[in-house]
$ cat structure23.tsv   # TSV, C-alpha atoms and all ligand atoms
chain	number	residue	atom	x	y	z
A	216	MET	CA	51.96	-10.85	-125.57
A	217	ASN	CA	54.52	-11.04	-128.37
A	218	TYR	CA	57.88	-12.78	-128.28
A	219	PHE	CA	61.20	-11.94	-129.88
A	220	ASP	CA	63.54	-14.90	-130.11
A	221	TYR	CA	67.17	-14.03	-130.73
A	222	LYS	CA	68.81	-17.21	-131.90
A	223	TYR	CA	72.46	-16.25	-131.88
A	224	SER	CA	74.93	-16.35	-129.05
A	225	PHE	CA	74.83	-13.17	-127.04
A	226	PRO	CA	78.04	-12.13	-125.23
A	227	LEU	CA	77.45	-10.48	-121.89
A	228	GLU	CA	79.38	-7.59	-120.39
A	229	ALA	CA	80.58	-9.64	-117.39
A	230	GLY	CA	82.15	-12.29	-119.63
A	231	ALA	CA	79.64	-15.13	-120.05
A	232	THR	CA	77.66	-15.81	-123.22
A	233	LEU	CA	73.96	-16.59	-123.48
A	234	PRO	CA	73.04	-19.05	-126.24
A	235	GLY	CA	70.34	-16.69	-127.51
A	236	PHE	CA	67.44	-15.17	-125.56
A	237	ARG	CA	63.73	-14.46	-125.65
A	238	LEU	CA	62.05	-11.14	-124.87
A	239	ALA	CA	58.32	-10.90	-124.16
A	240	TYR	CA	56.92	-7.57	-125.30
A	241	THR	CA	53.70	-5.71	-125.88
A	242	THR	CA	52.81	-2.95	-128.31
A	243	PHE	CA	49.81	-0.66	-128.20
A	244	GLY	CA	48.59	1.54	-131.04
A	245	THR	CA	49.87	1.68	-134.60
A	246	LEU	CA	53.27	2.64	-135.94
A	247	ASN	CA	52.56	5.60	-138.25
A	248	GLU	CA	53.83	5.82	-141.83
A	249	GLU	CA	56.73	8.07	-140.86
A	250	ARG	CA	57.60	5.66	-138.01
A	251	SER	CA	57.84	8.70	-135.80
A	252	ASN	CA	55.38	7.96	-133.00
A	253	VAL	CA	57.27	5.36	-130.93
A	254	ILE	CA	57.06	5.60	-127.14
A	255	TRP	CA	59.38	3.04	-125.53
A	256	ILE	CA	58.71	2.35	-121.87
A	257	CYS	CA	61.33	0.63	-119.73
A	258	HIS	CA	59.95	-1.14	-116.67
A	259	ALA	CA	61.37	-1.27	-113.14
A	260	LEU	CA	62.55	-4.13	-110.95
A	261	THR	CA	59.46	-6.37	-110.73
A	262	GLY	CA	57.47	-4.91	-113.59
A	263	ASN	CA	56.41	-6.62	-116.77
A	264	ALA	CA	55.85	-5.90	-120.46
A	265	ASP	CA	52.37	-4.44	-119.95
A	266	PRO	CA	52.47	-0.80	-118.85
A	267	THR	CA	48.66	-0.62	-119.02
A	268	ASP	CA	48.86	-2.91	-115.97
A	269	TRP	CA	51.47	-1.19	-113.78
A	270	TRP	CA	51.41	2.34	-115.28
A	271	ASN	CA	47.76	2.60	-116.19
A	272	GLY	CA	47.63	6.29	-115.32
A	273	MET	CA	50.23	7.02	-118.00
A	274	VAL	CA	49.40	4.58	-120.79
A	275	GLY	CA	45.99	3.73	-122.24
A	276	PRO	CA	42.94	5.39	-123.76
A	277	GLY	CA	42.62	8.97	-122.51
A	278	ARG	CA	46.06	8.89	-120.86
A	279	TYR	CA	49.06	10.98	-121.94
A	280	TYR	CA	50.42	8.02	-123.88
A	281	ASP	CA	47.20	7.17	-125.65
A	282	PRO	CA	47.55	4.32	-128.17
A	283	ALA	CA	45.23	6.28	-130.48
A	284	GLN	CA	48.20	8.59	-131.10
A	285	TRP	CA	51.30	6.66	-130.10
A	286	PHE	CA	52.91	3.32	-130.82
A	287	VAL	CA	53.82	2.21	-127.31
A	288	VAL	CA	56.40	-0.57	-126.86
A	289	CYS	CA	57.44	-2.24	-123.63
A	290	ALA	CA	59.52	-5.41	-123.20
A	291	ASN	CA	59.98	-7.58	-120.17
A	292	ILE	CA	63.68	-7.30	-119.41
A	293	LEU	CA	66.29	-10.01	-119.77
A	294	GLY	CA	66.63	-11.80	-116.41
A	295	SER	CA	62.99	-11.22	-115.43
A	296	CYS	CA	60.23	-13.82	-115.15
A	297	TYR	CA	57.35	-12.46	-117.19
A	298	GLY	CA	58.07	-14.26	-120.43
A	299	SER	CA	61.67	-13.22	-121.12
A	300	THR	CA	64.77	-15.34	-120.66
A	301	GLY	CA	65.72	-15.48	-116.99
A	302	PRO	CA	66.94	-17.85	-114.30
A	303	LEU	CA	63.83	-20.06	-114.54
A	304	SER	CA	64.25	-20.51	-118.31
A	305	ILE	CA	65.68	-23.71	-119.69
A	306	ASN	CA	69.41	-23.63	-120.26
A	307	PRO	CA	69.78	-25.27	-123.69
A	308	GLU	CA	73.17	-26.61	-122.64
A	309	THR	CA	71.71	-28.68	-119.78
A	310	ASP	CA	68.01	-28.90	-120.72
A	311	GLU	CA	67.25	-27.76	-117.17
A	312	PRO	CA	66.40	-24.32	-115.74
A	313	PHE	CA	69.40	-22.11	-115.12
A	314	TYR	CA	68.47	-21.35	-111.49
A	315	HIS	CA	71.71	-20.32	-109.72
A	316	ASP	CA	73.71	-20.70	-112.96
A	317	PHE	CA	72.03	-17.81	-114.73
A	318	PRO	CA	74.95	-15.59	-115.74
A	319	ALA	CA	75.56	-12.12	-114.36
A	320	ILE	CA	73.91	-9.53	-116.58
A	321	THR	CA	74.02	-5.73	-116.56
A	322	ILE	CA	71.80	-2.81	-117.52
A	323	ARG	CA	73.99	-2.47	-120.63
A	324	ASP	CA	73.26	-6.09	-121.60
A	325	ILE	CA	69.55	-5.47	-121.06
A	326	VAL	CA	69.67	-2.37	-123.25
A	327	ASN	CA	71.53	-4.28	-125.96
A	328	THR	CA	68.71	-6.86	-126.00
A	329	LEU	CA	66.12	-4.07	-126.18
A	330	ASP	CA	68.02	-2.55	-129.07
A	331	LEU	CA	67.98	-5.87	-130.96
A	332	LEU	CA	64.21	-6.01	-130.44
A	333	ARG	CA	63.95	-2.44	-131.72
A	334	GLN	CA	65.79	-3.43	-134.91
A	335	GLU	CA	63.54	-6.46	-135.30
A	336	LEU	CA	60.50	-4.16	-135.10
A	337	GLY	CA	61.93	-1.91	-137.81
A	338	ILE	CA	62.10	1.11	-135.52
A	339	ASP	CA	64.90	3.52	-136.38
A	340	ARG	CA	63.91	6.37	-134.12
A	341	ILE	CA	62.22	6.53	-130.76
A	342	HIS	CA	60.12	9.63	-130.17
A	343	THR	CA	60.27	9.20	-126.39
A	344	CYS	CA	62.00	6.65	-124.20
A	345	LEU	CA	61.09	6.77	-120.54
A	346	GLY	CA	61.34	4.85	-117.33
A	347	GLY	CA	61.55	5.13	-113.56
A	348	SER	CA	64.08	3.55	-111.22
A	349	VAL	CA	65.64	0.50	-112.95
A	350	GLY	CA	63.61	1.56	-116.00
A	351	GLY	CA	65.35	4.93	-115.93
A	352	GLN	CA	68.73	3.20	-115.59
A	353	GLN	CA	67.95	1.45	-118.90
A	354	ALA	CA	66.71	4.63	-120.55
A	355	VAL	CA	69.82	6.67	-119.65
A	356	GLU	CA	72.10	3.82	-120.75
A	357	TRP	CA	70.25	3.59	-124.09
A	358	GLY	CA	70.58	7.35	-124.57
A	359	ILE	CA	74.36	6.94	-124.27
A	360	LEU	CA	74.69	3.70	-126.21
A	361	LYS	CA	72.76	5.00	-129.24
A	362	PRO	CA	72.98	8.79	-129.38
A	363	GLY	CA	70.61	10.00	-132.09
A	364	LEU	CA	68.14	7.13	-131.72
A	365	ILE	CA	66.03	8.67	-128.96
A	366	GLU	CA	64.53	12.12	-129.51
A	367	ASN	CA	63.13	12.64	-126.02
A	368	LEU	CA	64.43	10.95	-122.90
A	369	ILE	CA	62.49	11.00	-119.63
A	370	LEU	CA	64.38	9.76	-116.58
A	371	ILE	CA	62.34	9.43	-113.40
A	372	ALA	CA	63.67	8.65	-109.89
A	373	THR	CA	66.82	7.13	-111.32
A	374	ASN	CA	70.59	7.59	-111.41
A	375	ALA	CA	73.78	7.46	-113.45
A	376	VAL	CA	75.49	5.03	-111.11
A	377	HIS	CA	73.95	2.92	-108.39
A	378	SER	CA	74.81	4.33	-104.99
A	379	PRO	CA	76.65	2.54	-102.15
A	380	TRP	CA	73.40	3.05	-100.19
A	381	GLY	CA	71.38	1.28	-102.89
A	382	ILE	CA	73.93	-1.53	-103.12
A	383	ALA	CA	73.80	-1.94	-99.33
A	384	PHE	CA	70.00	-2.29	-99.45
A	385	ASN	CA	70.31	-4.87	-102.22
A	386	GLU	CA	72.99	-6.83	-100.39
A	387	SER	CA	70.81	-6.92	-97.26
A	388	GLN	CA	68.01	-8.36	-99.39
A	389	ARG	CA	70.32	-10.99	-100.88
A	390	MET	CA	71.46	-11.88	-97.35
A	391	ALA	CA	67.81	-12.49	-96.45
A	392	ILE	CA	67.47	-14.83	-99.45
A	393	GLU	CA	70.71	-16.63	-98.56
A	394	ALA	CA	69.44	-17.19	-95.00
A	395	ASP	CA	66.55	-19.24	-96.39
A	396	PRO	CA	67.72	-22.88	-96.13
A	397	THR	CA	65.89	-23.76	-99.37
A	398	TRP	CA	67.90	-21.22	-101.38
A	399	THR	CA	70.52	-23.75	-102.45
A	400	GLU	CA	67.87	-26.07	-103.92
A	401	ARG	CA	67.15	-26.25	-107.62
A	402	ARG	CA	63.42	-25.59	-107.71
A	403	PRO	CA	61.39	-22.51	-108.76
A	404	ASP	CA	60.31	-21.58	-105.22
A	405	ALA	CA	63.74	-21.95	-103.61
A	406	GLY	CA	64.47	-18.97	-101.38
A	407	ALA	CA	60.83	-17.82	-101.37
A	408	VAL	CA	60.73	-17.22	-97.60
A	409	GLY	CA	63.98	-15.28	-97.86
A	410	MET	CA	62.52	-13.22	-100.69
A	411	LYS	CA	59.57	-12.28	-98.45
A	412	ALA	CA	62.02	-10.75	-95.99
A	413	ALA	CA	63.94	-9.19	-98.88
A	414	ARG	CA	60.81	-7.43	-100.15
A	415	SER	CA	60.08	-6.22	-96.63
A	416	ILE	CA	63.57	-4.69	-96.46
A	417	ALA	CA	63.15	-3.19	-99.93
A	418	LEU	CA	59.82	-1.62	-99.00
A	419	LEU	CA	61.61	0.47	-96.36
A	420	SER	CA	63.56	2.09	-99.18
A	421	TYR	CA	60.61	2.38	-101.59
A	422	ARG	CA	58.54	4.20	-98.94
A	423	ASN	CA	59.69	6.38	-96.03
A	424	TYR	CA	58.95	7.46	-92.44
A	425	ASP	CA	55.96	9.57	-93.43
A	426	THR	CA	54.42	6.88	-95.65
A	427	TYR	CA	54.27	4.52	-92.72
A	428	GLY	CA	53.14	7.22	-90.29
A	429	PHE	CA	50.26	8.08	-92.59
A	430	THR	CA	49.16	4.66	-93.88
A	431	GLN	CA	50.07	2.39	-90.96
A	432	ALA	CA	49.33	4.58	-87.92
A	433	LEU	CA	48.89	2.93	-84.52
A	434	ASP	CA	45.29	1.88	-83.86
A	435	ASN	CA	45.33	3.08	-80.25
A	436	ASN	CA	47.62	3.76	-77.31
A	437	GLU	CA	46.84	0.46	-75.63
A	438	GLN	CA	48.28	-1.77	-78.36
A	439	LEU	CA	51.07	-4.17	-77.37
A	440	ASP	CA	51.39	-6.22	-80.58
A	441	ASN	CA	49.90	-6.87	-84.01
A	442	TYR	CA	50.78	-3.45	-85.34
A	443	LYS	CA	49.48	-2.47	-88.76
A	444	ALA	CA	52.99	-1.70	-90.03
A	445	ALA	CA	54.09	-5.23	-89.15
A	446	GLY	CA	51.12	-6.78	-90.96
A	447	TYR	CA	51.83	-4.58	-93.97
A	448	GLN	CA	55.46	-5.72	-94.22
A	449	ARG	CA	54.43	-9.37	-94.12
A	450	TYR	CA	51.60	-8.86	-96.58
A	451	GLN	CA	53.89	-7.15	-99.07
A	452	GLY	CA	56.35	-10.05	-98.82
A	453	GLU	CA	53.57	-12.57	-99.48
A	454	LYS	CA	52.30	-10.49	-102.38
A	455	LEU	CA	55.66	-10.57	-104.12
A	456	VAL	CA	56.15	-14.30	-103.49
A	457	SER	CA	52.84	-14.96	-105.26
A	458	ARG	CA	54.15	-13.40	-108.49
A	459	PHE	CA	57.97	-13.51	-108.50
A	460	ASN	CA	60.89	-15.80	-107.69
A	461	ALA	CA	64.07	-15.40	-105.67
A	462	PHE	CA	66.39	-16.23	-108.59
A	463	THR	CA	65.06	-13.37	-110.66
A	464	TYR	CA	65.04	-11.08	-107.63
A	465	TRP	CA	68.68	-11.92	-106.99
A	466	THR	CA	69.70	-11.46	-110.63
A	467	LEU	CA	67.96	-8.12	-111.05
A	468	SER	CA	69.22	-6.75	-107.74
A	469	LYS	CA	72.77	-7.43	-109.02
A	470	VAL	CA	71.85	-5.69	-112.27
A	471	MET	CA	70.97	-2.56	-110.28
A	472	ASP	CA	74.21	-2.75	-108.30
A	473	SER	CA	76.43	-2.78	-111.37
A	474	HIS	CA	74.64	0.10	-113.10
A	475	ASN	CA	77.33	2.67	-113.91
A	476	VAL	CA	77.15	4.64	-117.14
A	477	GLY	CA	80.83	5.57	-116.71
A	478	ARG	CA	82.13	2.00	-116.98
A	479	ASN	CA	84.65	1.78	-119.83
A	480	ARG	CA	83.72	5.26	-121.00
A	481	GLY	CA	86.34	7.33	-119.23
A	482	SER	CA	84.03	8.81	-116.63
A	483	ILE	CA	80.39	9.24	-115.73
A	484	LEU	CA	80.47	12.83	-116.92
A	485	LYS	CA	81.97	11.86	-120.29
A	486	ALA	CA	79.25	9.23	-120.67
A	487	LEU	CA	76.41	11.62	-119.86
A	488	GLU	CA	77.81	14.24	-122.23
A	489	GLN	CA	77.25	11.82	-125.12
A	490	ILE	CA	73.48	12.00	-124.76
A	491	LYS	CA	71.91	13.82	-127.68
A	492	ALA	CA	68.26	13.35	-126.73
A	493	ARG	CA	66.30	16.23	-125.35
A	494	THR	CA	66.11	15.12	-121.71
A	495	LEU	CA	63.70	15.61	-118.83
A	496	VAL	CA	64.80	14.36	-115.41
A	497	VAL	CA	62.22	14.01	-112.64
A	498	GLY	CA	63.03	13.57	-108.96
A	499	ILE	CA	60.71	12.70	-106.10
A	500	ARG	CA	61.33	14.87	-103.05
A	501	SER	CA	60.60	12.06	-100.55
A	502	ASP	CA	62.66	9.38	-102.36
A	503	VAL	CA	65.23	7.95	-99.93
A	504	LEU	CA	66.53	5.27	-102.32
A	505	PHE	CA	67.25	7.41	-105.37
A	506	PRO	CA	67.28	10.83	-103.68
A	507	PRO	CA	66.74	13.96	-105.80
A	508	ALA	CA	70.46	14.79	-105.66
A	509	GLU	CA	70.99	11.86	-108.06
A	510	GLN	CA	68.54	13.26	-110.59
A	511	GLN	CA	69.93	16.78	-110.18
A	512	PHE	CA	73.33	15.31	-111.00
A	513	LEU	CA	71.90	13.75	-114.18
A	514	ALA	CA	70.28	17.03	-115.18
A	515	ARG	CA	73.47	19.00	-114.55
A	516	HIS	CA	75.58	16.76	-116.76
A	517	ILE	CA	73.25	15.70	-119.58
A	518	PRO	CA	73.45	18.44	-122.21
A	519	ASN	CA	70.31	20.60	-122.25
A	520	ALA	CA	68.47	18.57	-119.64
A	521	VAL	CA	65.57	19.98	-117.68
A	522	TYR	CA	65.00	19.01	-114.04
A	523	GLU	CA	61.64	18.86	-112.30
A	524	GLU	CA	60.63	17.56	-108.90
A	525	ILE	CA	57.38	16.15	-107.56
A	526	ASP	CA	56.02	15.43	-104.10
A	527	SER	CA	54.75	12.03	-103.11
A	528	LEU	CA	53.71	10.40	-99.88
A	529	TYR	CA	55.07	7.18	-101.38
A	530	GLY	CA	58.75	8.07	-101.69
A	531	HIS	CA	60.61	6.22	-104.43
A	532	ASP	CA	57.56	4.22	-105.52
A	533	GLY	CA	55.86	7.55	-106.25
A	534	PHE	CA	56.91	7.07	-109.88
A	535	LEU	CA	54.41	4.19	-110.04
A	536	ILE	CA	51.64	6.18	-108.39
A	537	GLU	CA	51.84	9.96	-109.05
A	538	PHE	CA	50.33	9.95	-112.51
A	539	ARG	CA	48.81	13.43	-112.37
A	540	PRO	CA	51.97	15.44	-111.54
A	541	LEU	CA	54.06	13.26	-113.86
A	542	THR	CA	51.64	13.88	-116.72
A	543	GLN	CA	51.57	17.61	-115.99
A	544	ILE	CA	55.37	17.83	-116.01
A	545	ILE	CA	55.73	15.80	-119.19
A	546	ARG	CA	52.98	17.76	-120.94
A	547	LYS	CA	54.60	21.07	-119.97
A	548	TRP	CA	58.04	19.88	-121.05
A	549	MET	CA	56.87	18.45	-124.36
A	550	GLY	CA	55.22	21.78	-125.08
A	551	ALA	CA	58.17	23.77	-123.79
A	552	GLU	CA	59.27	26.42	-126.21
A	553	LYS	CA	62.66	26.99	-124.69
A	554	ILE	CA	64.37	23.68	-125.25
A	555	GLY	CA	67.57	23.48	-123.29
A	556	GLU	CA	66.48	25.69	-120.43
A	557	LYS	CA	67.59	24.22	-117.13
A	558	VAL	CA	65.02	24.44	-114.35
A	559	LEU	CA	66.65	23.28	-111.14
A	560	THR	CA	64.10	23.20	-108.36
A	561	THR	CA	65.52	22.32	-105.00
A	601	LIG	C1	52.09	-9.68	-113.26
A	601	LIG	C2	51.98	-8.71	-112.16
A	601	LIG	O1	51.16	-8.81	-111.32
A	601	LIG	S1	53.00	-7.39	-112.15
A	601	LIG	C3	52.35	-6.34	-110.92
A	601	LIG	C4	52.64	-5.02	-111.28
A	601	LIG	N1	53.61	-4.52	-110.38
A	601	LIG	C5	54.66	-3.93	-110.85
A	601	LIG	O2	54.82	-3.71	-112.01
A	601	LIG	C6	55.62	-3.48	-109.84
A	601	LIG	C7	55.37	-2.11	-109.50
A	601	LIG	N2	54.26	-1.93	-108.59
A	601	LIG	C8	54.44	-1.77	-107.28
A	601	LIG	O3	55.55	-1.84	-106.80
A	601	LIG	C9	53.21	-1.52	-106.46
A	601	LIG	O4	52.11	-2.12	-107.05
A	601	LIG	C10	52.90	-0.03	-106.21
A	601	LIG	C11	54.11	0.68	-105.67
A	601	LIG	C12	52.49	0.66	-107.50
A	601	LIG	C13	51.74	0.11	-105.24
A	601	LIG	O5	51.98	-0.72	-104.14
A	601	LIG	P1	50.78	-1.42	-103.37
A	601	LIG	O6	51.31	-2.55	-102.61
A	601	LIG	O7	49.65	-1.70	-104.30
A	601	LIG	O8	50.25	-0.25	-102.46
A	601	LIG	P2	50.42	-0.07	-100.94
A	601	LIG	O9	51.83	0.01	-100.54
A	601	LIG	O10	49.55	1.09	-100.58
A	601	LIG	O11	49.80	-1.40	-100.31
A	601	LIG	C14	48.45	-1.71	-100.52
A	601	LIG	C15	48.24	-3.19	-100.29
A	601	LIG	O12	48.69	-3.51	-98.97
A	601	LIG	C16	47.59	-3.98	-98.19
A	601	LIG	N3	47.77	-3.43	-96.86
A	601	LIG	C17	47.81	-2.14	-96.50
A	601	LIG	N4	48.01	-2.04	-95.19
A	601	LIG	C18	48.09	-3.29	-94.69
A	601	LIG	C19	48.29	-3.84	-93.41
A	601	LIG	N5	48.44	-3.05	-92.35
A	601	LIG	N6	48.34	-5.17	-93.27
A	601	LIG	C20	48.19	-5.99	-94.34
A	601	LIG	N7	47.97	-5.53	-95.60
A	601	LIG	C21	47.94	-4.18	-95.77
A	601	LIG	C22	46.35	-3.39	-98.87
A	601	LIG	O13	45.19	-4.13	-98.55
A	601	LIG	C23	46.74	-3.51	-100.33
A	601	LIG	O14	46.57	-4.86	-100.71
A	601	LIG	P3	46.32	-5.25	-102.25
A	601	LIG	O15	47.58	-4.89	-102.98
A	601	LIG	O16	46.09	-6.73	-102.23
A	601	LIG	O17	45.15	-4.47	-102.72
A	602	LIG	N1	58.31	-1.13	-106.59
A	602	LIG	C1	59.16	-1.31	-107.70
A	602	LIG	C2	60.61	-1.25	-107.30
A	602	LIG	C3	61.13	0.11	-107.17
A	602	LIG	O1	61.60	0.58	-108.39
A	602	LIG	C4	59.00	-2.65	-108.33
A	602	LIG	O2	58.55	-3.56	-107.65
A	602	LIG	O3	59.33	-2.79	-109.50
$ encode --input "structure23.tsv" --output "structure tokens"
Amino acid sequence: MNYFDYKYSFPLEAGATLPGFRLAYTTFGTLNEERSNVIWICHALTGNADPTDWWNGMVGPGRYYDPAQWFVVCANILGSCYGSTGPLSINPETDEPFYHDFPAITIRDIVNTLDLLRQELGIDRIHTCLGGSVGGQQAVEWGILKPGLIENLILIATNAVHSPWGIAFNESQRMAIEADPTWTERRPDAGAVGMKAARSIALLSYRNYDTYGFTQALDNNEQLDNYKAAGYQRYQGEKLVSRFNAFTYWTLSKVMDSHNVGRNRGSILKALEQIKARTLVVGIRSDVLFPPAEQQFLARHIPNAVYEEIDSLYGHDGFLIEFRPLTQIIRKWMGAEKIGEKVLTT
């Protein structure tokens, strides 16, 4: 793991200022002489800086993004808890962790920190920037913020503005955290029980009716309790608690809520029109959180974007699982002769 320490005050979009920040990041492969082989991967809500961990079907030896050919960069985002500055970091003004005092941050702030890291690494063009979900929110924002920097933009299961539906899911999760009586305490595991319930709520939006029907089917007709689906929800909550914290969860859920590429840019359409990168947008047919209509909207309004759709039993989380169709679509698009052709599959 590498660290980038930015030692200057960093004004945030919502008004507060961070007294500097740290980003944890990984790189794989070698930057070529022309500095033209950069693949920048933006991670999703609870991801980290190591895509060979959570996207191992896309990145690694023999994968589409093979470090033998590409220089792959991924940074843990501001506000997260895998090495970058977040609510559990020490606030230099108090010498104590920020906890509830961590300031409100936005996707645009996160992208500005990524861009500072990019400059530090001496990268002046990104061959491909890609991400799914919150990762895609960063990628589209970066494409607007720095037109001309990114040559190829791949936006998967993401949107231009977070939907009222998505915000409602996030608020329900924050309500679960607030209902935990420990949430007001200043300790790293405050709100952990609430976060378990929050993850359980979130899972309903990351999967769908069919996912549960297929993977958590009733054992028999005689059952009165102890259903598999119930055990699964609890297990997933426990699993997140073992690797995450409620402060970060809260902060990043707010980051999703405020994602809106149109803010202070006239309109969402005007913002999307600024993108110069050749763009591929991928939707997942069974995604109930970021439904395909959101990606079709992106593809309609980003100049020369191509839209593709994949199937997945997993719904929204399909972007973390469906490596084969994703690779096929990216390979086809990268090799596409007719750049600018719009393929809208409904
Ligand atoms: C530092 C870090 O660890 S970062 C971890 C990396 N994670 C990220 O980057 C976030 C993105 N990743 C994810 O969100 C997820 O890992 C996904 C979407 C890719 C896959 O989700 P998973 O939880 O692995 O898959 P799935 O939903 O099928 O659940 C399988 C798990 O549930 C358990 N499970 C399944 N059914 C049940 C049940 N009825 N009762 C109890 N447990 C169950 C399985 O045993 C399995 O457990 P395991 O994860 O300990 O092996
Ligand atoms: N399952 C994803 C969230 C959906 O984007 C994560 O935990 O990061």
$ residues_near_ligand --input "structure23.tsv" --ligand "ligand LIG 601 (chain A)" --cutoff "6 Å" --atoms "all atoms listed in the file" --output "CSV table (one decimal) with C-alpha atoms, in the frame of the given file"
chain,number,residue,atom,x,y,z
A,261,THR,CA,59.5,-6.4,-110.7
A,262,GLY,CA,57.5,-4.9,-113.6
A,263,ASN,CA,56.4,-6.6,-116.8
A,269,TRP,CA,51.5,-1.2,-113.8
A,431,GLN,CA,50.1,2.4,-91.0
A,443,LYS,CA,49.5,-2.5,-88.8
A,444,ALA,CA,53.0,-1.7,-90.0
A,446,GLY,CA,51.1,-6.8,-91.0
A,447,TYR,CA,51.8,-4.6,-94.0
A,450,TYR,CA,51.6,-8.9,-96.6
A,532,ASP,CA,57.6,4.2,-105.5
A,535,LEU,CA,54.4,4.2,-110.0
A,536,ILE,CA,51.6,6.2,-108.4
$ residues_near_ligand --input "structure23.tsv" --ligand "ligand LIG 602 (chain A)" --cutoff "8 Å" --atoms "all atoms listed in the file" --output "number ranges by chain"
A: 258-262, 347-350, 418, 421, 531-532, 535
$ residues_around --input "structure23.tsv" --residues "stretch 461-463 of chain A" --least-positions-apart "3" --cutoff "10 Å" --atoms "only C-alpha atoms" --output "PyMOL selection string"
chain A and resi 260-261+293-296+301-303+313-317+389+392-393+398+402-411+413+455-456+466-469
$ closest_residue --input "structure23.tsv" --among "A:Thr328, A:Ser387, A:Ser378, A:Ser224" --to "A:Ala508" --atoms "all atoms listed in the file"
A:Ser378
$ residues_near_point --input "structure23.tsv" --point "(50.4, -11.2, -127.4)" --cutoff "10 Å" --atoms "all atoms listed in the file" --output "ChimeraX atom specification"
/A:216-218,239-242
$ closest_residue --input "structure23.tsv" --among "A:Trp548, A:Trp465, A:Phe538, A:Trp255" --to "A:Leu495" --atoms "only C-alpha atoms"
A:Trp548
$ atom_distance --input "structure23.tsv" --atom1 "atom CA of A:Ala354" --atom2 "atom CA of A:Thr373"
9.6 Å
$ atom_distance --input "structure23.tsv" --atom1 "atom CA of A:Gly477" --atom2 "atom CA of A:Thr494"
18.2 Å
$ closest_residue --input "structure23.tsv" --among "A:Gly530, A:Gly235, A:Gly275, A:Pro282" --to "A:Asn423" --atoms "all atoms listed in the file"
A:Gly530
$ atom_distance --input "structure23.tsv" --atom1 "atom CA of A:Leu345" --atom2 "atom CA of A:Asn367"
8.3 Å
$ closest_residue --input "structure23.tsv" --among "A:Asp310, A:Asp472, A:Asp281, A:Asp324" --to "A:Phe225" --atoms "all atoms listed in the file"
A:Asp324
$ closest_residue --input "structure23.tsv" --among "A:Met273, A:Ala412, A:Val253, A:Ala492" --to "A:Arg539" --atoms "all atoms listed in the file"
A:Met273
$ build_atoms --input "structure23.tsv" --residues "stretch 431-442 of chain A" --atoms "N, CA and C atoms" --output "PDB file, in the frame of the given file"
ATOM      1  N   GLN A 431      50.036   3.522 -91.896  1.00  0.00           N
ATOM      2  CA  GLN A 431      50.070   2.390 -90.960  1.00  0.00           C
ATOM      3  C   GLN A 431      50.077   2.887 -89.501  1.00  0.00           C
ATOM      4  N   ALA A 432      49.337   3.961 -89.255  1.00  0.00           N
ATOM      5  CA  ALA A 432      49.330   4.580 -87.920  1.00  0.00           C
ATOM      6  C   ALA A 432      48.854   3.597 -86.862  1.00  0.00           C
ATOM      7  N   LEU A 433      49.320   3.785 -85.635  1.00  0.00           N
ATOM      8  CA  LEU A 433      48.890   2.930 -84.520  1.00  0.00           C
ATOM      9  C   LEU A 433      47.370   3.006 -84.380  1.00  0.00           C
ATOM     10  N   ASP A 434      46.751   1.896 -84.023  1.00  0.00           N
ATOM     11  CA  ASP A 434      45.290   1.880 -83.860  1.00  0.00           C
ATOM     12  C   ASP A 434      44.873   2.624 -82.596  1.00  0.00           C
ATOM     13  N   ASN A 435      45.663   2.436 -81.533  1.00  0.00           N
ATOM     14  CA  ASN A 435      45.330   3.080 -80.250  1.00  0.00           C
ATOM     15  C   ASN A 435      46.563   3.052 -79.358  1.00  0.00           C
ATOM     16  N   ASN A 436      46.478   3.683 -78.219  1.00  0.00           N
ATOM     17  CA  ASN A 436      47.620   3.760 -77.310  1.00  0.00           C
ATOM     18  C   ASN A 436      47.782   2.518 -76.452  1.00  0.00           C
ATOM     19  N   GLU A 437      46.808   1.647 -76.489  1.00  0.00           N
ATOM     20  CA  GLU A 437      46.840   0.460 -75.630  1.00  0.00           C
ATOM     21  C   GLU A 437      47.514  -0.733 -76.293  1.00  0.00           C
ATOM     22  N   GLN A 438      47.761  -0.634 -77.586  1.00  0.00           N
ATOM     23  CA  GLN A 438      48.280  -1.770 -78.360  1.00  0.00           C
ATOM     24  C   GLN A 438      49.625  -2.255 -77.846  1.00  0.00           C
ATOM     25  N   LEU A 439      49.781  -3.576 -77.773  1.00  0.00           N
ATOM     26  CA  LEU A 439      51.070  -4.170 -77.370  1.00  0.00           C
ATOM     27  C   LEU A 439      51.680  -5.013 -78.479  1.00  0.00           C
ATOM     28  N   ASP A 440      50.879  -5.369 -79.479  1.00  0.00           N
ATOM     29  CA  ASP A 440      51.390  -6.220 -80.580  1.00  0.00           C
ATOM     30  C   ASP A 440      50.435  -6.091 -81.769  1.00  0.00           C
ATOM     31  N   ASN A 441      50.727  -6.863 -82.804  1.00  0.00           N
ATOM     32  CA  ASN A 441      49.900  -6.870 -84.010  1.00  0.00           C
ATOM     33  C   ASN A 441      49.714  -5.476 -84.618  1.00  0.00           C
ATOM     34  N   TYR A 442      50.831  -4.794 -84.762  1.00  0.00           N
ATOM     35  CA  TYR A 442      50.780  -3.450 -85.340  1.00  0.00           C
ATOM     36  C   TYR A 442      50.506  -3.526 -86.841  1.00  0.00           C
TER      37      TYR A 442
END
